[in-house]
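**Student:** You'll find input.pdb just under this line, and it carries PDB, C-alpha atoms.
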```
MODEL        1
ATOM      1  CA  MET A   1     -15.634  -4.715  11.248
ATOM      2  CA  ASN A   2     -15.177  -6.144   7.775
ATOM      3  CA  LYS A   3     -11.476  -6.331   6.915
ATOM      4  CA  LYS A   4     -11.960  -4.907   3.430
ATOM      5  CA  ILE A   5     -13.985  -1.961   4.758
ATOM      6  CA  LEU A   6     -11.371  -1.186   7.413
ATOM      7  CA  LEU A   7      -8.537  -1.298   4.872
ATOM      8  CA  THR A   8     -10.550   1.014   2.633
ATOM      9  CA  ILE A   9     -10.997   3.453   5.537
ATOM     10  CA  ILE A  10      -7.278   3.386   6.293
ATOM     11  CA  THR A  11      -6.258   3.769   2.642
ATOM     12  CA  VAL A  12      -8.638   6.665   2.046
ATOM     13  CA  SER A  13      -7.536   8.298   5.314
ATOM     14  CA  CYS A  14      -3.948   8.290   4.129
ATOM     15  CA  LEU A  15      -4.919   9.814   0.795
ATOM     16  CA  ALA A  16      -7.844  12.071   1.615
ATOM     17  CA  ALA A  17      -8.596  12.754   5.302
ATOM     18  CA  GLY A  18      -7.109  11.893   8.679
ATOM     19  CA  CYS A  19      -8.406   8.856  10.591
ATOM     20  CA  GLY A  20     -10.796   9.907  13.329
ATOM     21  CA  LYS A  21     -11.175  13.564  12.320
ATOM     22  CA  ALA A  22     -11.328  15.871   9.325
ATOM     23  CA  ALA A  23      -8.090  16.490   7.475
ATOM     24  CA  SER A  24      -6.055  19.477   8.488
ATOM     25  CA  PRO A  25      -6.523  22.570   6.309
ATOM     26  CA  ASP A  26      -2.801  22.670   5.509
ATOM     27  CA  ARG A  27      -2.793  19.129   4.143
ATOM     28  CA  LEU A  28      -0.989  18.863   0.798
ATOM     29  CA  GLN A  29      -1.832  16.574  -2.094
ATOM     30  CA  GLU A  30      -0.075  16.395  -5.454
ATOM     31  CA  THR A  31      -2.203  17.176  -8.491
ATOM     32  CA  GLU A  32       0.350  16.871 -11.278
ATOM     33  CA  SER A  33       1.580  13.597 -12.785
ATOM     34  CA  SER A  34       4.077  11.817 -10.570
ATOM     35  CA  SER A  35       6.350  11.386 -13.587
ATOM     36  CA  VAL A  36       7.265  15.073 -13.809
ATOM     37  CA  LYS A  37      10.936  15.973 -14.194
ATOM     38  CA  ASP A  38      13.057  17.555 -11.501
ATOM     39  CA  THR A  39      12.867  21.044 -12.986
ATOM     40  CA  GLN A  40       9.124  21.092 -13.553
ATOM     41  CA  ASP A  41       6.558  22.686 -11.268
ATOM     42  CA  ILE A  42       4.313  20.481  -9.175
ATOM     43  CA  THR A  43       0.919  21.939  -8.317
ATOM     44  CA  ILE A  44      -0.354  21.028  -4.880
ATOM     45  CA  SER A  45      -3.919  21.594  -3.710
ATOM     46  CA  VAL A  46      -4.419  22.554  -0.070
ATOM     47  CA  GLN A  47      -7.595  20.860   1.098
ATOM     48  CA  SER A  48      -9.788  19.683   3.942
ATOM     49  CA  SER A  49     -12.848  17.466   4.048
ATOM     50  CA  GLN A  50     -15.024  20.566   3.998
ATOM     51  CA  GLU A  51     -13.350  22.877   1.493
ATOM     52  CA  SER A  52     -10.578  23.317  -1.055
ATOM     53  CA  LYS A  53      -8.240  26.271  -1.023
ATOM     54  CA  PRO A  54      -6.333  27.730  -3.962
ATOM     55  CA  SER A  55      -3.342  25.669  -5.055
ATOM     56  CA  GLU A  56       0.267  26.644  -4.542
ATOM     57  CA  THR A  57       3.152  25.783  -6.831
ATOM     58  CA  ILE A  58       6.464  24.491  -5.522
ATOM     59  CA  ILE A  59       9.560  23.531  -7.511
ATOM     60  CA  ALA A  60      10.561  19.910  -6.916
ATOM     61  CA  GLU A  61      14.217  19.129  -6.209
ATOM     62  CA  LYS A  62      15.510  15.575  -6.544
ATOM     63  CA  GLU A  63      11.887  14.471  -6.583
ATOM     64  CA  THR A  64      12.609  11.661  -9.045
ATOM     65  CA  ASP A  65      15.159  10.177  -6.618
ATOM     66  CA  TYR A  66      12.272   9.258  -4.342
ATOM     67  CA  MET A  67       9.448   8.429  -6.742
ATOM     68  CA  GLU A  68       9.692   4.700  -6.019
ATOM     69  CA  TYR A  69       8.613   5.462  -2.433
ATOM     70  CA  PHE A  70       5.814   7.860  -3.332
ATOM     71  CA  LYS A  71       2.089   7.105  -2.688
ATOM     72  CA  LYS A  72       2.650   3.468  -1.738
ATOM     73  CA  ASN A  73       0.925   2.089   1.346
ATOM     74  CA  TRP A  74       3.878   0.991   3.479
ATOM     75  CA  ILE A  75       3.034  -1.768   5.981
ATOM     76  CA  ARG A  76       5.169  -2.834   8.959
ATOM     77  CA  ASN A  77       6.820  -6.170   8.141
ATOM     78  CA  THR A  78       5.740  -7.842  11.384
ATOM     79  CA  ASP A  79       2.042  -7.017  10.821
ATOM     80  CA  SER A  80       0.501 -10.163   9.358
ATOM     81  CA  SER A  81      -3.070  -9.956   8.031
ATOM     82  CA  PHE A  82      -3.188  -6.158   8.356
ATOM     83  CA  PRO A  83      -5.478  -4.544   9.421
ATOM     84  CA  GLU A  84      -7.419  -7.506  10.884
ATOM     85  CA  ASN A  85      -4.687  -8.117  13.453
ATOM     86  CA  GLY A  86      -3.700  -4.461  13.793
ATOM     87  CA  GLY A  87      -0.480  -2.745  12.779
ATOM     88  CA  ILE A  88       1.075   0.392  11.325
ATOM     89  CA  THR A  89       0.912   1.860   7.833
ATOM     90  CA  PHE A  90       2.149   5.102   6.305
ATOM     91  CA  VAL A  91       1.964   6.941   2.985
ATOM     92  CA  ILE A  92       4.337   9.575   1.621
ATOM     93  CA  SER A  93       2.050  12.089  -0.066
ATOM     94  CA  GLY A  94       4.725  14.443  -1.358
ATOM     95  CA  ILE A  95       8.423  15.308  -1.505
ATOM     96  CA  TYR A  96       9.037  18.902  -2.638
ATOM     97  CA  ASN A  97      12.065  21.168  -2.340
ATOM     98  CA  GLY A  98      13.666  18.659  -0.023
ATOM     99  CA  LYS A  99      10.576  18.686   2.211
ATOM    100  CA  LEU A 100       8.495  15.594   2.819
ATOM    101  CA  ARG A 101       4.877  15.146   3.916
ATOM    102  CA  GLY A 102       2.682  12.160   4.578
ATOM    103  CA  GLU A 103       0.469  10.320   7.061
ATOM    104  CA  ILE A 104       1.026   7.438   9.455
ATOM    105  CA  THR A 105      -1.733   5.318  10.981
ATOM    106  CA  ALA A 106      -1.716   2.730  13.767
ATOM    107  CA  VAL A 107      -4.645   0.324  14.215
ATOM    108  CA  SER A 108      -5.321  -2.049  17.093
ATOM    109  CA  GLY A 109      -6.535  -5.536  16.283
ATOM    110  CA  SER A 110     -10.115  -6.781  16.202
ATOM    111  CA  PRO A 111     -12.634  -6.371  17.613
ATOM    112  CA  SER A 112     -11.853  -2.811  18.803
ATOM    113  CA  TYR A 113      -9.949  -1.444  15.779
ATOM    114  CA  ASN A 114      -8.895   1.699  17.642
ATOM    115  CA  ILE A 115      -6.977   4.123  15.424
ATOM    116  CA  ASP A 116      -4.339   6.791  15.927
ATOM    117  CA  ASN A 117      -3.467   8.819  12.856
ATOM    118  CA  SER A 118      -0.925  11.580  12.413
ATOM    119  CA  GLN A 119       0.367  13.641   9.566
ATOM    120  CA  PHE A 120       4.110  14.085   9.371
ATOM    121  CA  GLU A 121       6.406  16.591   7.721
ATOM    122  CA  GLY A 122      10.158  16.990   7.604
ATOM    123  CA  ILE A 123      13.394  17.501   5.709
ATOM    124  CA  VAL A 124      14.934  14.982   3.310
ATOM    125  CA  ASP A 125      18.702  14.574   3.517
ATOM    126  CA  GLY A 126      20.130  11.890   1.261
ATOM    127  CA  ASP A 127      18.642   8.546   2.215
ATOM    128  CA  THR A 128      16.890   9.781   5.371
ATOM    129  CA  ALA A 129      14.089  12.160   6.314
ATOM    130  CA  GLU A 130      13.792  13.759   9.768
ATOM    131  CA  CYS A 131      10.107  14.448  10.428
ATOM    132  CA  VAL A 132       7.765  15.630  13.173
ATOM    133  CA  LEU A 133       4.270  14.306  13.810
ATOM    134  CA  VAL A 134       1.565  16.954  13.395
ATOM    135  CA  ASN A 135      -2.228  16.983  13.849
ATOM    136  CA  ASP A 136      -2.235  13.657  15.677
ATOM    137  CA  THR A 137      -5.831  12.501  16.196
ATOM    138  CA  ARG A 138      -5.135  11.536  19.824
ATOM    139  CA  GLY A 139      -3.175  14.688  20.621
ATOM    140  CA  ASN A 140       0.270  13.089  20.813
ATOM    141  CA  GLU A 141       3.473  14.766  19.636
ATOM    142  CA  GLY A 142       6.550  13.027  18.338
ATOM    143  CA  THR A 143       9.221  12.469  15.727
ATOM    144  CA  LEU A 144       9.577  10.123  12.786
ATOM    145  CA  LYS A 145      12.857   9.294  11.053
ATOM    146  CA  LEU A 146      12.494   7.549   7.709
ATOM    147  CA  THR A 147      15.332   5.712   5.990
ATOM    148  CA  PHE A 148      15.038   5.022   2.254
ATOM    149  CA  LYS A 149      16.696   1.615   1.928
ATOM    150  CA  SER A 150      15.291   0.378  -1.398
ATOM    151  CA  PRO A 151      12.028   0.648  -3.378
ATOM    152  CA  ARG A 152      10.878  -2.468  -1.494
ATOM    153  CA  GLU A 153      12.130  -1.537   1.962
ATOM    154  CA  MET A 154      12.004   1.410   4.335
ATOM    155  CA  ASN A 155      12.863   1.852   7.998
ATOM    156  CA  ALA A 156      10.926   4.088  10.394
ATOM    157  CA  GLU A 157      12.078   5.185  13.835
ATOM    158  CA  ILE A 158       9.171   6.571  15.870
ATOM    159  CA  ALA A 159       9.411   8.462  19.162
ATOM    160  CA  ILE A 160       6.503   9.994  21.115
ATOM    161  CA  THR A 161       7.902  13.113  22.806
ATOM    162  CA  LYS A 162       4.657  14.319  24.394
ATOM    163  CA  LYS A 163       1.921  11.866  25.269
ATOM    164  CA  SER A 164      -1.735  12.825  25.289
ATOM    165  CA  GLU A 165      -4.153  12.088  28.098
ATOM    166  CA  ASP A 166      -6.013  10.007  25.510
ATOM    167  CA  THR A 167      -4.360   6.631  26.028
ATOM    168  CA  VAL A 168      -6.853   4.503  24.085
ATOM    169  CA  MET A 169      -4.478   4.194  21.127
ATOM    170  CA  THR A 170      -1.030   5.592  20.347
ATOM    171  CA  ILE A 171       1.305   5.156  17.386
ATOM    172  CA  PRO A 172       3.909   2.677  18.722
ATOM    173  CA  GLU A 173       7.457   3.793  19.491
ATOM    174  CA  GLY A 174      10.527   1.991  18.174
ATOM    175  CA  LYS A 175      12.422   1.075  15.022
ATOM    176  CA  PHE A 176      10.434  -0.844  12.434
ATOM    177  CA  ASP A 177      10.965  -2.174   8.908
ATOM    178  CA  PHE A 178       8.267  -1.534   6.288
ATOM    179  CA  SER A 179       7.415  -2.932   2.865
ATOM    180  CA  PRO A 180       4.788  -1.778   0.337
ATOM    181  CA  ASN A 181       1.364  -3.351   0.751
ATOM    182  CA  ASN A 182       0.824  -5.557  -2.278
ATOM    183  CA  LEU A 183      -2.068  -7.375  -3.925
ATOM    184  CA  LYS A 184      -0.374 -10.670  -3.049
ATOM    185  CA  ASN A 185      -0.912  -9.832   0.639
ATOM    186  CA  ILE A 186      -4.717  -9.739   0.275
ATOM    187  CA  GLU A 187      -6.214 -13.022   1.410
ATOM    188  CA  GLY A 188      -8.315 -14.643  -1.297
ATOM    189  CA  PHE A 189      -7.679 -11.944  -3.907
ATOM    190  CA  GLU A 190      -8.091 -13.117  -7.499
ATOM    191  CA  PRO A 191      -7.440 -10.586 -10.282
ATOM    192  CA  ILE A 192      -9.708 -10.268 -13.296
ATOM    193  CA  GLU A 193      -7.000  -9.971 -15.912
ATOM    194  CA  ASN A 194      -9.185  -8.998 -18.872
ATOM    195  CA  GLN A 195     -10.655  -6.074 -16.891
ATOM    196  CA  SER A 196      -7.351  -4.734 -15.543
ATOM    197  CA  PHE A 197      -5.560  -2.014 -17.501
ATOM    198  CA  MET A 198      -2.542   0.272 -17.469
ATOM    199  CA  VAL A 199      -3.864   3.834 -17.671
ATOM    200  CA  ASP A 200      -2.612   7.405 -17.291
ATOM    201  CA  LEU A 201      -4.835   8.795 -14.537
ATOM    202  CA  ASP A 202      -3.804  12.434 -14.359
ATOM    203  CA  SER A 203      -2.315  13.141 -10.900
ATOM    204  CA  TRP A 204      -1.579   9.428 -10.439
ATOM    205  CA  GLY A 205       0.465   9.225 -13.616
ATOM    206  CA  LYS A 206       0.717   5.823 -15.291
ATOM    207  CA  VAL A 207      -0.857   3.241 -12.972
ATOM    208  CA  LYS A 208      -2.648  -0.082 -13.259
ATOM    209  CA  PHE A 209      -6.385  -0.223 -12.630
ATOM    210  CA  VAL A 210      -6.937  -3.691 -11.214
ATOM    211  CA  SER A 211     -10.291  -5.475 -11.084
ATOM    212  CA  GLY A 212     -10.574  -8.506  -8.849
ATOM    213  CA  LYS A 213     -12.614 -10.598  -6.432
ATOM    214  CA  LEU A 214     -12.175 -11.619  -2.793
ATOM    215  CA  THR A 215     -12.889 -15.337  -2.726
ATOM    216  CA  GLN A 216     -11.929 -16.359   0.813
ATOM    217  CA  GLY A 217     -15.486 -16.314   2.227
ATOM    218  CA  ASP A 218     -19.039 -17.314   1.356
ATOM    219  CA  HIS A 219     -19.640 -13.930  -0.275
ATOM    220  CA  VAL A 220     -17.479 -12.884  -3.205
ATOM    221  CA  PRO A 221     -17.221  -9.080  -3.421
ATOM    222  CA  VAL A 222     -15.695  -7.341  -6.415
ATOM    223  CA  VAL A 223     -12.821  -4.957  -5.663
ATOM    224  CA  PHE A 224     -10.863  -2.341  -7.600
ATOM    225  CA  TYR A 225      -7.390  -0.935  -6.929
ATOM    226  CA  LEU A 226      -4.779   1.380  -8.391
ATOM    227  CA  THR A 227      -1.342  -0.234  -8.303
ATOM    228  CA  ASN A 228       2.005  -0.174 -10.043
ATOM    229  CA  GLU A 229       3.025  -3.001 -12.359
ATOM    230  CA  GLU A 230       4.431  -4.946  -9.392
ATOM    231  CA  GLY A 231       1.073  -4.882  -7.586
ATOM    232  CA  ASP A 232       1.992  -2.348  -4.888
ATOM    233  CA  ILE A 233      -1.291  -0.764  -3.790
ATOM    234  CA  PHE A 234      -1.745   3.005  -4.174
ATOM    235  CA  TYR A 235      -5.520   3.301  -3.822
ATOM    236  CA  GLU A 236      -8.558   1.134  -3.058
ATOM    237  CA  PHE A 237     -11.933   2.115  -4.517
ATOM    238  CA  THR A 238     -15.244   1.858  -2.723
ATOM    239  CA  ASN A 239     -18.198   0.477  -4.666
ATOM    240  CA  GLY A 240     -21.835  -0.377  -4.096
ATOM    241  CA  PHE A 241     -22.021  -3.522  -6.212
ATOM    242  CA  PRO A 242     -23.697  -6.615  -4.740
ATOM    243  CA  TYR A 243     -21.784  -9.832  -4.076
ATOM    244  CA  SER A 244     -20.876 -12.298  -6.829
ATOM    245  CA  VAL A 245     -20.890 -10.078  -9.891
ATOM    246  CA  ASP A 246     -18.834 -10.381 -13.052
ATOM    247  CA  VAL A 247     -17.058  -7.289 -14.377
ATOM    248  CA  GLU A 248     -18.225  -6.697 -17.943
ATOM    249  CA  ALA A 249     -16.599  -3.370 -18.838
ATOM    250  CA  VAL A 250     -14.399  -0.557 -17.501
ATOM    251  CA  SER A 251     -13.814   2.825 -19.125
ATOM    252  CA  PHE A 252     -11.746   5.913 -18.316
ATOM    253  CA  LYS A 253     -13.241   9.150 -19.658
ATOM    254  CA  ASP A 254     -13.562  12.785 -18.587
ATOM    255  CA  LEU A 255     -17.327  12.892 -18.112
ATOM    256  CA  ASN A 256     -17.685  16.335 -16.525
ATOM    257  CA  ASN A 257     -15.122  18.377 -18.482
ATOM    258  CA  ASP A 258     -12.868  19.088 -15.505
ATOM    259  CA  GLY A 259      -9.763  17.710 -17.232
ATOM    260  CA  LEU A 260      -9.685  14.572 -15.054
ATOM    261  CA  LYS A 261     -10.496  11.041 -16.171
ATOM    262  CA  ASP A 262     -13.529   9.494 -14.486
ATOM    263  CA  ILE A 263     -14.340   5.788 -14.359
ATOM    264  CA  ILE A 264     -17.347   3.823 -15.577
ATOM    265  CA  THR A 265     -17.709   0.212 -14.438
ATOM    266  CA  ILE A 266     -20.395  -2.205 -15.585
ATOM    267  CA  VAL A 267     -20.997  -5.573 -13.908
ATOM    268  CA  SER A 268     -23.533  -8.367 -14.319
ATOM    269  CA  ASP A 269     -25.341  -9.897 -11.361
ATOM    270  CA  GLN A 270     -24.404 -13.560 -10.965
ATOM    271  CA  TYR A 271     -25.373 -14.030  -7.299
ATOM    272  CA  ASP A 272     -26.901 -17.437  -6.577
ATOM    273  CA  GLY A 273     -27.420 -18.123 -10.260
ATOM    274  CA  GLY A 274     -28.473 -14.548 -10.889
ATOM    275  CA  SER A 275     -30.151 -13.168 -13.944
ATOM    276  CA  GLY A 276     -27.091 -11.453 -15.363
ATOM    277  CA  GLN A 277     -28.749  -8.074 -14.889
ATOM    278  CA  LEU A 278     -26.349  -5.267 -15.718
ATOM    279  CA  ILE A 279     -25.394  -2.681 -13.098
ATOM    280  CA  ALA A 280     -23.336   0.432 -13.833
ATOM    281  CA  GLU A 281     -21.485   2.812 -11.540
ATOM    282  CA  VAL A 282     -19.886   6.165 -12.326
ATOM    283  CA  CYS A 283     -16.910   7.291 -10.265
ATOM    284  CA  PHE A 284     -15.655  10.894 -10.590
ATOM    285  CA  GLN A 285     -12.028  11.787  -9.998
ATOM    286  CA  GLN A 286     -11.399  14.714  -7.639
ATOM    287  CA  LYS A 287      -8.603  17.272  -7.841
ATOM    288  CA  ASP A 288      -6.784  15.587  -4.958
ATOM    289  CA  GLY A 289      -6.684  12.271  -6.823
ATOM    290  CA  THR A 290      -9.440  10.562  -4.839
ATOM    291  CA  PHE A 291     -12.525   9.107  -6.520
ATOM    292  CA  ILE A 292     -16.161   9.550  -5.487
ATOM    293  CA  THR A 293     -18.950   7.337  -6.814
ATOM    294  CA  ASN A 294     -22.095   9.248  -7.722
ATOM    295  CA  TYR A 295     -24.633   6.716  -6.461
ATOM    296  CA  GLU A 296     -27.652   8.861  -7.335
ATOM    297  CA  LEU A 297     -26.537   9.207 -10.963
ATOM    298  CA  SER A 298     -25.609   5.524 -11.105
ATOM    299  CA  GLN A 299     -29.053   4.504  -9.836
ATOM    300  CA  GLU A 300     -30.681   6.763 -12.433
ATOM    301  CA  ILE A 301     -28.624   5.158 -15.193
ATOM    302  CA  ASN A 302     -29.617   1.678 -14.047
ATOM    303  CA  ASP A 303     -33.308   2.507 -13.513
ATOM    304  CA  THR A 304     -33.625   3.946 -17.018
ATOM    305  CA  GLY A 305     -31.845   1.013 -18.651
ATOM    306  CA  ASN A 306     -28.987   3.183 -19.916
ATOM    307  CA  ASN A 307     -26.421   0.702 -18.624
ATOM    308  CA  LYS A 308     -26.114  -1.702 -21.569
ATOM    309  CA  ASP A 309     -22.550  -0.695 -22.492
ATOM    310  CA  ILE A 310     -19.980   2.048 -22.061
ATOM    311  CA  LYS A 311     -21.226   4.029 -25.049
ATOM    312  CA  THR A 312     -24.784   4.106 -23.714
ATOM    313  CA  VAL A 313     -23.704   5.172 -20.225
ATOM    314  CA  THR A 314     -21.428   7.879 -21.642
ATOM    315  CA  SER A 315     -24.124   9.260 -23.940
ATOM    316  CA  TYR A 316     -26.643   9.400 -21.099
ATOM    317  CA  ILE A 317     -24.270  11.367 -18.872
ATOM    318  CA  LEU A 318     -23.179  13.792 -21.587
ATOM    319  CA  ASN A 319     -26.769  14.434 -22.684
ATOM    320  CA  LYS A 320     -27.761  15.417 -19.146
ATOM    321  CA  LYS A 321     -25.531  18.513 -19.275
TER
ENDMDL
END
```
Spit out the file's structure as structure tokens when you get a sec.

**Tutor:**
Amino acid sequence: MNKKILLTIITVSCLAAGCGKAASPDRLQETESSSVKDTQDITISVQSSQESKPSETIIAEKETDYMEYFKKNWIRNTDSSFPENGGITFVISGIYNGKLRGEITAVSGSPSYNIDNSQFEGIVDGDTAECVLVNDTRGNEGTLKLTFKSPREMNAEIAITKKSEDTVMTIPEGKFDFSPNNLKNIEGFEPIENQSFMVDLDSWGKVKFVSGKLTQGDHVPVVFYLTNEEGDIFYEFTNGFPYSVDVEAVSFKDLNNDGLKDIITIVSDQYDGGSGQLIAEVCFQQKDGTFITNYELSQEINDTGNNKDIKTVTSYILNKK
């Protein structure tokens, strides 16, 4: 399996749906800016891969004490070249009223890439959080103790208290140190500085949209991420662009009047001395903070030649309503 594709699957699973099965209906995702103050309300949407339920509002306590740990993809320190060689990653998706929720995923190395994914929830007490594993994809039960050591370091103590008959893959037991996954860890990654921007993306708050290329192989795919200013990865986008393209333009606009910024990207085809033909894609932000590319609309924009620049793409979309 392609390393980039696998990492995308893992990242999306931690932010949108559990690895190996649909997300649990009681899964929580934050939909307000992560920069909210302690006394403000945070709206959380309860969702699954099939439906969205009405949101509930919970008052955050001491939420800002933990914001440096929030939404990052934490990778076990001993896992080199993750996920190609396997390893463990987890994401904290919310800390509210002293309660914490997130997801942890273990992946075996190539070529099997077996996955065990579990949600976790627990109580925060100072610099630790005592959690239980819930909705494990392999049917295991266990506990997870997190220790908040610094914004660059966390410790996780994992214990499996009830093992499933499914022994193909299990989240490993033990005490492990974790650090945030960072752009510098991606082999062959080269940022495109003039197409990378700090932007306020609604539920994500102020983040950096990073354009780049993976240059370690014969093919050179274009990639897009949401990160903080230090390059810690929050989200990896999927895209349908061909290899060896140049990024010509990126724009962040609410294109469907849902109050959320969507993303337009335009690239030019440079593969094997390509013609420079322009290709546009439109990616719509969802209430849970994920992004979905509308490939049918994007193809229509490209087929009709309405992909020359951001203004033309925007006008075409708005005039379709």

**Student:** Mind checking which residues fall within 7 Å of Val199 (chain A), counting all atoms listed in the file, ignoring those fewer than 6 positions away in the same chain, and posting them as an MDAnalysis selection string?

**Tutor:** chainID A and resid 206:209

**Student:** Please compute the CA of Ser298 (chain A)-CA of Ser251 (chain A) distance, one decimal, in Å.

**Tutor:**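 If I compute the distance from CA of Ser298 (chain A) to CA of Ser251 (chain A), I get 14.5 Å.
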
**Student:** Quick one: distance from CA of Thr238 (chain A) to CA of Asn302 (chain A) in Å, one decimal?

**Tutor:**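 Separation of CA of Thr238 (chain A) and CA of Asn302 (chain A): 18.3 Å.
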
**Student:** Find, counting all atoms listed in the file, the residue in A:Ile279, A:Ile310, A:Leu201, A:Ile123 that gets nearest to Val250 (chain A).

**Tutor:**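 Once distances to Val250 (chain A) are computed over all atoms listed in the file, the minimum belongs to A:Ile310.
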
**Student:** Hey, can you check how far CA of Phe291 (chain A) sits from CA of Ser93 (chain A)?

**Tutor:** 16.2 Å

**Student:** For Asn182 (chain A), find every residue with an atom within 10 Å (counting all atoms listed in the file), except residues of its own chain fewer than 6 positions away, and show them as an mmCIF file with C-alpha atoms, keeping the file's coordinate frame.

**Tutor:**
```cif
data_model
loop_
_atom_site.group_PDB
_atom_site.id
_atom_site.type_symbol
_atom_site.label_atom_id
_atom_site.label_comp_id
_atom_site.auth_asym_id
_atom_site.auth_seq_id
_atom_site.Cartn_x
_atom_site.Cartn_y
_atom_site.Cartn_z
ATOM 1 C CA LYS A 72 2.650 3.468 -1.738
ATOM 2 C CA ASN A 73 0.925 2.089 1.346
ATOM 3 C CA TRP A 74 3.878 0.991 3.479
ATOM 4 C CA ILE A 75 3.034 -1.768 5.981
ATOM 5 C CA THR A 227 -1.342 -0.234 -8.303
ATOM 6 C CA ASN A 228 2.005 -0.174 -10.043
ATOM 7 C CA GLU A 230 4.431 -4.946 -9.392
ATOM 8 C CA GLY A 231 1.073 -4.882 -7.586
ATOM 9 C CA ASP A 232 1.992 -2.348 -4.888
ATOM 10 C CA ILE A 233 -1.291 -0.764 -3.790
ATOM 11 C CA PHE A 234 -1.745 3.005 -4.174
#
```

**Student:** Using the partial input, fill out region 129-142 of chain A with N, CA, C and O atoms; write the result as a PDB file, in the frame of the given file.

**Tutor:**
```
ATOM      1  N   ALA A 129      14.964  11.000   6.151  1.00  0.00           N
ATOM      2  CA  ALA A 129      14.089  12.160   6.314  1.00  0.00           C
ATOM      3  C   ALA A 129      13.773  12.302   7.799  1.00  0.00           C
ATOM      4  O   ALA A 129      13.285  11.358   8.422  1.00  0.00           O
ATOM      5  N   GLU A 130      14.091  13.467   8.363  1.00  0.00           N
ATOM      6  CA  GLU A 130      13.792  13.759   9.768  1.00  0.00           C
ATOM      7  C   GLU A 130      12.469  14.510   9.822  1.00  0.00           C
ATOM      8  O   GLU A 130      12.340  15.615   9.285  1.00  0.00           O
ATOM      9  N   CYS A 131      11.465  13.906  10.455  1.00  0.00           N
ATOM     10  CA  CYS A 131      10.107  14.448  10.428  1.00  0.00           C
ATOM     11  C   CYS A 131       9.561  14.639  11.843  1.00  0.00           C
ATOM     12  O   CYS A 131      10.033  14.036  12.808  1.00  0.00           O
ATOM     13  N   VAL A 132       8.533  15.479  11.937  1.00  0.00           N
ATOM     14  CA  VAL A 132       7.765  15.630  13.173  1.00  0.00           C
ATOM     15  C   VAL A 132       6.332  15.213  12.891  1.00  0.00           C
ATOM     16  O   VAL A 132       5.834  15.360  11.771  1.00  0.00           O
ATOM     17  N   LEU A 133       5.679  14.671  13.921  1.00  0.00           N
ATOM     18  CA  LEU A 133       4.270  14.306  13.810  1.00  0.00           C
ATOM     19  C   LEU A 133       3.419  15.533  14.096  1.00  0.00           C
ATOM     20  O   LEU A 133       3.643  16.234  15.079  1.00  0.00           O
ATOM     21  N   VAL A 134       2.443  15.785  13.230  1.00  0.00           N
ATOM     22  CA  VAL A 134       1.565  16.954  13.395  1.00  0.00           C
ATOM     23  C   VAL A 134       0.115  16.509  13.254  1.00  0.00           C
ATOM     24  O   VAL A 134      -0.200  15.547  12.563  1.00  0.00           O
ATOM     25  N   ASN A 135      -0.786  17.244  13.939  1.00  0.00           N
ATOM     26  CA  ASN A 135      -2.228  16.983  13.849  1.00  0.00           C
ATOM     27  C   ASN A 135      -2.583  15.543  14.196  1.00  0.00           C
ATOM     28  O   ASN A 135      -3.416  14.909  13.536  1.00  0.00           O
ATOM     29  N   ASP A 136      -1.937  15.007  15.231  1.00  0.00           N
ATOM     30  CA  ASP A 136      -2.235  13.657  15.677  1.00  0.00           C
ATOM     31  C   ASP A 136      -3.663  13.594  16.216  1.00  0.00           C
ATOM     32  O   ASP A 136      -4.086  14.450  16.996  1.00  0.00           O
ATOM     33  N   THR A 137      -4.423  12.575  15.818  1.00  0.00           N
ATOM     34  CA  THR A 137      -5.831  12.501  16.196  1.00  0.00           C
ATOM     35  C   THR A 137      -6.034  12.279  17.691  1.00  0.00           C
ATOM     36  O   THR A 137      -7.104  12.585  18.220  1.00  0.00           O
ATOM     37  N   ARG A 138      -5.031  11.760  18.379  1.00  0.00           N
ATOM     38  CA  ARG A 138      -5.135  11.536  19.824  1.00  0.00           C
ATOM     39  C   ARG A 138      -4.444  12.634  20.631  1.00  0.00           C
ATOM     40  O   ARG A 138      -4.450  12.603  21.861  1.00  0.00           O
ATOM     41  N   GLY A 139      -3.825  13.582  19.931  1.00  0.00           N
ATOM     42  CA  GLY A 139      -3.175  14.688  20.621  1.00  0.00           C
ATOM     43  C   GLY A 139      -1.735  14.433  21.020  1.00  0.00           C
ATOM     44  O   GLY A 139      -1.150  15.204  21.794  1.00  0.00           O
ATOM     45  N   ASN A 140      -1.124  13.369  20.508  1.00  0.00           N
ATOM     46  CA  ASN A 140       0.270  13.089  20.813  1.00  0.00           C
ATOM     47  C   ASN A 140       1.189  13.947  19.950  1.00  0.00           C
ATOM     48  O   ASN A 140       0.804  14.431  18.885  1.00  0.00           O
ATOM     49  N   GLU A 141       2.434  14.093  20.402  1.00  0.00           N
ATOM     50  CA  GLU A 141       3.473  14.766  19.636  1.00  0.00           C
ATOM     51  C   GLU A 141       4.672  13.831  19.566  1.00  0.00           C
ATOM     52  O   GLU A 141       4.917  13.039  20.483  1.00  0.00           O
ATOM     53  N   GLY A 142       5.412  13.921  18.462  1.00  0.00           N
ATOM     54  CA  GLY A 142       6.550  13.027  18.338  1.00  0.00           C
ATOM     55  C   GLY A 142       7.373  13.277  17.106  1.00  0.00           C
ATOM     56  O   GLY A 142       7.180  14.267  16.384  1.00  0.00           O
TER      57      GLY A 142
END
```
